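Below is the file coords.txt, which contains compact mmCIF, C-alpha atoms.
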```txt
# COMPACT_ATOMS: atom_id res chain seq x y z
CA MET Q 1 -98.37 115.00 22.21
CA ALA Q 2 -94.93 116.55 21.87
CA PHE Q 3 -96.02 119.53 23.98
CA ALA Q 4 -97.37 117.23 26.69
CA ASN Q 5 -94.10 115.28 26.76
CA ALA Q 6 -92.14 118.53 27.07
CA VAL Q 7 -94.29 119.63 30.03
CA VAL Q 8 -93.86 116.27 31.78
CA LEU Q 9 -90.09 116.33 31.28
CA TYR Q 10 -89.87 119.91 32.55
CA PHE Q 11 -91.54 119.03 35.85
CA THR Q 12 -90.06 115.55 36.37
CA LEU Q 13 -86.40 115.74 35.31
CA PRO Q 14 -84.04 117.16 37.93
CA GLU Q 15 -81.96 120.27 37.28
CA THR Q 16 -78.40 119.19 36.46
CA VAL Q 17 -76.91 122.68 36.71
CA THR Q 18 -77.19 123.14 40.47
CA PRO Q 19 -76.49 126.45 42.25
CA GLY Q 20 -72.90 125.37 42.94
CA HIS Q 21 -72.22 124.15 39.39
CA PRO Q 22 -69.42 126.00 37.52
CA ALA Q 23 -71.76 126.70 34.61
CA ARG Q 24 -73.65 129.17 36.84
CA ALA Q 25 -70.65 131.48 36.54
CA THR Q 26 -70.56 131.29 32.76
CA ARG Q 27 -71.48 134.48 30.94
CA ARG Q 28 -73.79 134.33 27.96
CA GLY Q 29 -75.10 136.53 25.17
CA TRP Q 30 -73.46 138.54 22.41
CA GLY Q 31 -70.95 139.95 24.87
CA TYR Q 32 -69.59 136.45 25.45
CA PHE Q 33 -69.55 135.84 21.68
CA PHE Q 34 -67.38 138.88 20.97
CA ARG Q 35 -65.12 138.06 23.91
CA SER Q 36 -64.71 134.56 22.49
CA LEU Q 37 -63.32 136.04 19.28
CA ARG Q 38 -60.37 137.37 21.32
CA GLU Q 39 -59.58 133.95 22.81
CA PRO Q 40 -56.54 132.31 21.15
CA GLY Q 41 -57.62 129.19 19.33
CA LEU Q 42 -61.34 129.58 20.00
CA GLY Q 43 -61.50 132.91 18.16
CA LEU Q 44 -59.86 131.27 15.13
CA VAL Q 45 -62.28 128.36 15.22
CA LEU Q 46 -65.23 130.75 15.30
CA ALA Q 47 -63.77 132.79 12.42
CA ILE Q 48 -63.19 129.65 10.34
CA TYR Q 49 -66.69 128.40 11.09
CA PHE Q 50 -68.19 131.76 10.11
CA LEU Q 51 -66.28 131.87 6.80
CA PHE Q 52 -67.09 128.24 6.11
CA VAL Q 53 -70.84 128.65 6.64
CA PHE Q 54 -70.78 132.00 4.81
CA ALA Q 55 -69.32 130.42 1.65
CA PHE Q 56 -71.52 127.35 1.99
CA SER Q 57 -74.69 129.43 2.31
CA ILE Q 58 -73.79 131.41 -0.82
CA MET Q 59 -73.45 128.15 -2.74
CA THR Q 60 -76.70 126.63 -1.50
CA THR Q 61 -78.61 129.87 -2.14
CA VAL Q 62 -77.62 130.20 -5.79
CA PHE Q 63 -77.27 126.51 -6.67
CA ALA Q 64 -80.86 126.11 -7.88
CA LEU Q 65 -80.50 129.22 -10.07
CA PHE Q 66 -77.24 127.85 -11.46
CA THR Q 67 -78.66 124.44 -12.38
CA MET Q 68 -81.75 126.07 -13.88
CA TYR Q 69 -79.52 128.30 -16.01
CA ARG Q 70 -77.03 125.63 -17.10
CA PHE Q 71 -79.07 122.41 -17.10
CA ASP Q 72 -82.67 123.65 -17.19
CA PHE Q 73 -83.25 121.77 -13.93
CA GLY Q 74 -86.37 122.31 -11.84
CA PRO Q 75 -87.14 121.76 -8.14
CA GLU Q 76 -87.43 117.98 -8.59
CA HIS Q 77 -83.97 117.63 -10.14
CA ASN Q 78 -82.38 119.81 -7.46
CA GLY Q 79 -84.18 117.81 -4.79
CA TYR Q 80 -82.51 114.65 -6.08
CA LEU Q 81 -79.11 116.34 -6.11
CA PHE Q 82 -79.42 117.59 -2.54
CA ALA Q 83 -80.73 114.19 -1.43
CA TYR Q 84 -77.62 112.61 -2.95
CA VAL Q 85 -75.38 115.09 -1.13
CA GLY Q 86 -77.20 114.46 2.14
CA LEU Q 87 -77.05 110.66 1.85
CA LEU Q 88 -73.36 110.79 1.06
CA ALA Q 89 -72.79 113.01 4.11
CA VAL Q 90 -74.64 110.48 6.30
CA VAL Q 91 -72.42 107.65 5.01
CA VAL Q 92 -69.21 109.63 5.54
CA GLN Q 93 -70.01 111.11 8.95
CA GLY Q 94 -71.74 108.00 10.27
CA GLY Q 95 -69.36 105.43 8.83
CA ILE Q 96 -65.80 106.53 8.13
CA TYR Q 97 -65.31 109.94 9.74
CA GLY Q 98 -64.43 108.52 13.15
CA ARG Q 99 -61.76 106.26 11.70
CA LEU Q 100 -60.30 109.13 9.67
CA VAL Q 101 -60.08 111.30 12.80
CA LYS Q 102 -58.22 108.55 14.68
CA ARG Q 103 -55.74 108.22 11.84
CA PHE Q 104 -55.21 111.83 10.74
CA GLY Q 105 -56.68 114.06 13.47
CA GLN Q 106 -59.41 116.69 13.29
CA LEU Q 107 -57.42 119.67 12.05
CA PRO Q 108 -56.00 117.92 8.96
CA LEU Q 109 -59.53 116.85 8.05
CA ILE Q 110 -60.79 120.42 8.47
CA THR Q 111 -57.99 121.64 6.22
CA ALA Q 112 -58.69 118.95 3.64
CA GLY Q 113 -62.41 119.74 3.74
CA ALA Q 114 -61.85 123.46 3.22
CA LEU Q 115 -59.49 122.72 0.32
CA LEU Q 116 -61.99 120.38 -1.35
CA LEU Q 117 -64.77 122.95 -0.99
CA ALA Q 118 -62.66 125.82 -2.31
CA VAL Q 119 -61.49 123.87 -5.37
CA ASN Q 120 -64.99 122.66 -6.17
CA LEU Q 121 -66.40 126.16 -5.89
CA LEU Q 122 -63.81 127.21 -8.47
CA LEU Q 123 -64.73 124.34 -10.81
CA LEU Q 124 -68.51 124.49 -10.49
CA PRO Q 125 -69.05 127.56 -12.78
CA TYR Q 126 -67.49 125.64 -15.69
CA VAL Q 127 -69.68 122.55 -15.37
CA GLY Q 128 -72.46 122.34 -17.94
CA PRO Q 129 -73.92 120.16 -20.70
CA ALA Q 130 -70.89 120.91 -22.87
CA TRP Q 131 -68.33 120.27 -20.12
CA GLY Q 132 -68.86 117.29 -17.87
CA GLY Q 133 -72.63 117.13 -18.14
CA LEU Q 134 -74.59 115.48 -15.34
CA ALA Q 135 -71.63 113.20 -14.51
CA GLY Q 136 -69.40 116.23 -14.02
CA LEU Q 137 -72.02 117.91 -11.82
CA LEU Q 138 -72.36 114.76 -9.69
CA ALA Q 139 -68.57 114.52 -9.38
CA VAL Q 140 -68.31 118.10 -8.14
CA MET Q 141 -71.20 117.58 -5.72
CA THR Q 142 -69.58 114.39 -4.44
CA PHE Q 143 -66.37 116.15 -3.46
CA PHE Q 144 -68.39 119.09 -2.15
CA SER Q 145 -70.27 116.75 0.18
CA LEU Q 146 -67.01 115.11 1.26
CA GLY Q 147 -65.46 118.49 2.05
CA ASN Q 148 -68.46 119.52 4.12
CA SER Q 149 -68.49 116.17 5.95
CA PHE Q 150 -64.79 116.48 6.82
CA ALA Q 151 -64.85 120.10 8.02
CA THR Q 152 -68.13 120.64 9.88
CA PRO Q 153 -67.84 117.99 12.65
CA GLY Q 154 -64.21 118.86 13.26
CA LEU Q 155 -64.90 122.57 13.70
CA THR Q 156 -67.69 121.88 16.19
CA SER Q 157 -65.49 119.44 18.07
CA LEU Q 158 -62.52 121.84 18.25
CA ALA Q 159 -64.79 124.59 19.55
CA SER Q 160 -66.02 122.23 22.28
CA GLU Q 161 -62.48 121.15 23.18
CA SER Q 162 -61.38 124.76 23.58
CA ALA Q 163 -63.61 125.18 26.64
CA GLY Q 164 -63.91 123.56 30.02
CA ALA Q 165 -67.02 121.92 31.44
CA ALA Q 166 -68.35 125.24 32.72
CA GLU Q 167 -68.31 126.80 29.25
CA GLN Q 168 -69.49 124.02 26.97
CA GLY Q 169 -72.97 125.44 26.47
CA SER Q 170 -71.73 128.99 26.00
CA VAL Q 171 -69.10 127.97 23.46
CA MET Q 172 -71.63 125.93 21.48
CA GLY Q 173 -73.93 128.93 21.59
CA ALA Q 174 -71.14 131.18 20.29
CA THR Q 175 -70.48 128.69 17.49
CA GLN Q 176 -74.12 128.68 16.45
CA SER Q 177 -74.21 132.48 16.66
CA ALA Q 178 -71.34 132.63 14.16
CA ALA Q 179 -73.18 130.19 11.89
CA SER Q 180 -76.47 132.10 12.17
CA LEU Q 181 -74.75 135.38 11.32
CA ALA Q 182 -73.13 133.74 8.27
CA ARG Q 183 -76.45 132.27 7.13
CA ALA Q 184 -78.07 135.68 7.43
CA ILE Q 185 -75.43 137.41 5.30
CA GLY Q 186 -74.58 134.67 2.81
CA PRO Q 187 -77.88 134.46 0.89
CA THR Q 188 -78.02 138.24 0.52
CA VAL Q 189 -74.49 138.39 -0.87
CA GLY Q 190 -75.09 135.39 -3.11
CA GLY Q 191 -78.30 136.83 -4.54
CA TRP Q 192 -76.63 140.17 -5.17
CA LEU Q 193 -73.63 138.62 -6.93
CA ILE Q 194 -75.51 136.25 -9.22
CA TYR Q 195 -77.97 138.90 -10.40
CA SER Q 196 -77.21 140.41 -13.80
CA ALA Q 197 -79.21 143.44 -14.86
CA VAL Q 198 -78.20 143.08 -18.51
CA ALA Q 199 -78.79 139.34 -19.01
CA PRO Q 200 -82.11 138.17 -20.50
CA LYS Q 201 -82.91 136.02 -17.45
CA ASN Q 202 -80.92 138.18 -15.01
CA ILE Q 203 -78.18 135.56 -14.87
CA ASP Q 204 -75.24 134.90 -17.17
CA ASP Q 205 -71.85 133.19 -17.23
CA HIS Q 206 -70.12 136.23 -15.80
CA SER Q 207 -72.44 136.52 -12.79
CA VAL Q 208 -72.16 132.77 -12.17
CA ARG Q 209 -68.37 132.89 -12.17
CA LEU Q 210 -68.34 136.00 -9.99
CA THR Q 211 -70.58 134.35 -7.40
CA PHE Q 212 -68.76 131.05 -7.11
CA PHE Q 213 -65.30 132.62 -7.33
CA PHE Q 214 -66.21 134.92 -4.44
CA ALA Q 215 -67.43 131.94 -2.39
CA ALA Q 216 -64.19 130.10 -3.27
CA ALA Q 217 -62.14 133.08 -2.08
CA VAL Q 218 -64.01 133.05 1.24
CA MET Q 219 -63.36 129.33 1.57
CA PHE Q 220 -59.67 129.80 0.77
CA ALA Q 221 -59.55 132.37 3.59
CA ALA Q 222 -61.01 129.73 5.91
CA LEU Q 223 -58.36 127.31 4.65
CA LEU Q 224 -55.54 129.74 5.47
CA LEU Q 225 -56.92 130.28 8.97
CA ALA Q 226 -57.17 126.50 9.43
CA LEU Q 227 -53.48 126.20 8.53
CA TYR Q 228 -52.67 128.98 11.01
CA LEU Q 229 -54.78 127.22 13.66
CA LYS Q 230 -52.20 124.43 13.70
CA ARG Q 231 -50.12 126.38 16.22
CA TYR Q 232 -52.97 126.16 18.77
CA GLU Q 233 -53.85 122.50 18.18
CA GLY Q 234 -52.02 121.17 21.21
CA GLY Q 235 -53.71 123.66 23.53
CA PHE Q 236 -57.30 122.60 22.90
CA GLY Q 237 -59.00 121.07 25.87
CA HIS Q 238 -56.56 122.65 28.35
CA ARG Q 239 -57.71 126.25 28.49
CA ASP Q 240 -58.45 127.60 31.97
CA THR Q 241 -60.28 130.86 31.45
CA GLU Q 242 -61.42 133.46 33.91
CA THR Q 243 -64.97 132.08 33.70
CA GLN Q 244 -63.76 128.58 34.52
CA ARG Q 245 -61.75 129.85 37.48
CA GLN Q 246 -64.79 131.71 38.74
CA GLY Q 247 -66.79 128.50 38.48
CA LYS Q 248 -64.17 126.55 40.40
CA GLU Q 249 -64.18 129.13 43.18
CA THR Q 250 -67.95 128.86 43.60
CA MET Q 251 -67.83 125.08 44.00
```

Let me see whether you can do it: turn the structure in this file into structure tokens.
Amino acid sequence: MAFANAVVLYFTLPETVTPGHPARATRRGWGYFFRSLREPGLGLVLAIYFLFVFAFSIMTTVFALFTMYRFDFGPEHNGYLFAYVGLLAVVVQGGIYGRLVKRFGQLPLITAGALLLAVNLLLLPYVGPAWGGLAGLLAVMTFFSLGNSFATPGLTSLASESAGAAEQGSVMGATQSAASLARAIGPTVGGWLIYSAVAPKNIDDHSVRLTFFFAAAVMFAALLLALYLKRYEGGFGHRDTETQRQGKETM
């Protein structure tokens, strides 16, 4: 049914990007991605997004191993924890995020989100039955979900605002390319860091701390770049690049 609907839509919906549309002049592919890294503002947003997703993917990769080691949790317990994080993210992003943006702006929320994530990555290795227990784990996961909910929408929005109408698709593609690259590297690094060849179950307190401290350091780097991004905040949404000018000339 879904395939049939896709075929019908393909042949019935009109093409919105006409031959004279500015988007026809937009360049795509990895060449555009690497050129985007040299754009003031946009390059910083892509770097922050990469570091953010990189640290986040390390955490999500090793989290089940961590809870199994510290709490003897299985897949069912972790499923409940991730469901809690996801539901909290829905409440924040769907309910209060818009009002927070109107009051504080996107960049302060990105900075606050990165700070929350970095601090919680530092605290997480110490949480266990003897320190905090399940309540402590839920508290850390609560602030982790809040940090993610504050930072992710803002980064995507800033990336979109850094481009004109002709480049919206390309910029979103570059953003997702940065995220995909981070998700490809993060799990490998996380698995390598948390592995201990000398521990009975190939995981110990030292490898846990090493993994989460490394992820926290990556997130702190994203935080520093977010603070540096403040100098470009007023320029978002007003950039007139060579690609945009080419698009205007073809109209």

Between CA of Leu134 (chain Q) and CA of Pro153 (chain Q), what is the distance, to one decimal in Å?
-> 28.9 Å

Long-range neighbours of region 215-225 of chain Q as a VMD selection string, 12 Å cut-off, all atoms listed in the file, 5 positions minimum in chain = chain Q and resid 41 to 62 107 to 125 144 147 to 148 151 155 182 186 to 187 189 to 190 193 to 194 208 to 210 230 to 232

Just how far from CA of Leu146 (chain Q) is CA of Ala184 (chain Q), in Å to one decimal?
->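 Distance between the two atoms: 24.2 Å.
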
What separation in Å, quoted to one decimal, exists between CA of Ser207 (chain Q) and CA of Leu81 (chain Q)?
->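 Straight-line distance from CA of Ser207 (chain Q) to CA of Leu81 (chain Q) works out to 22.3 Å.
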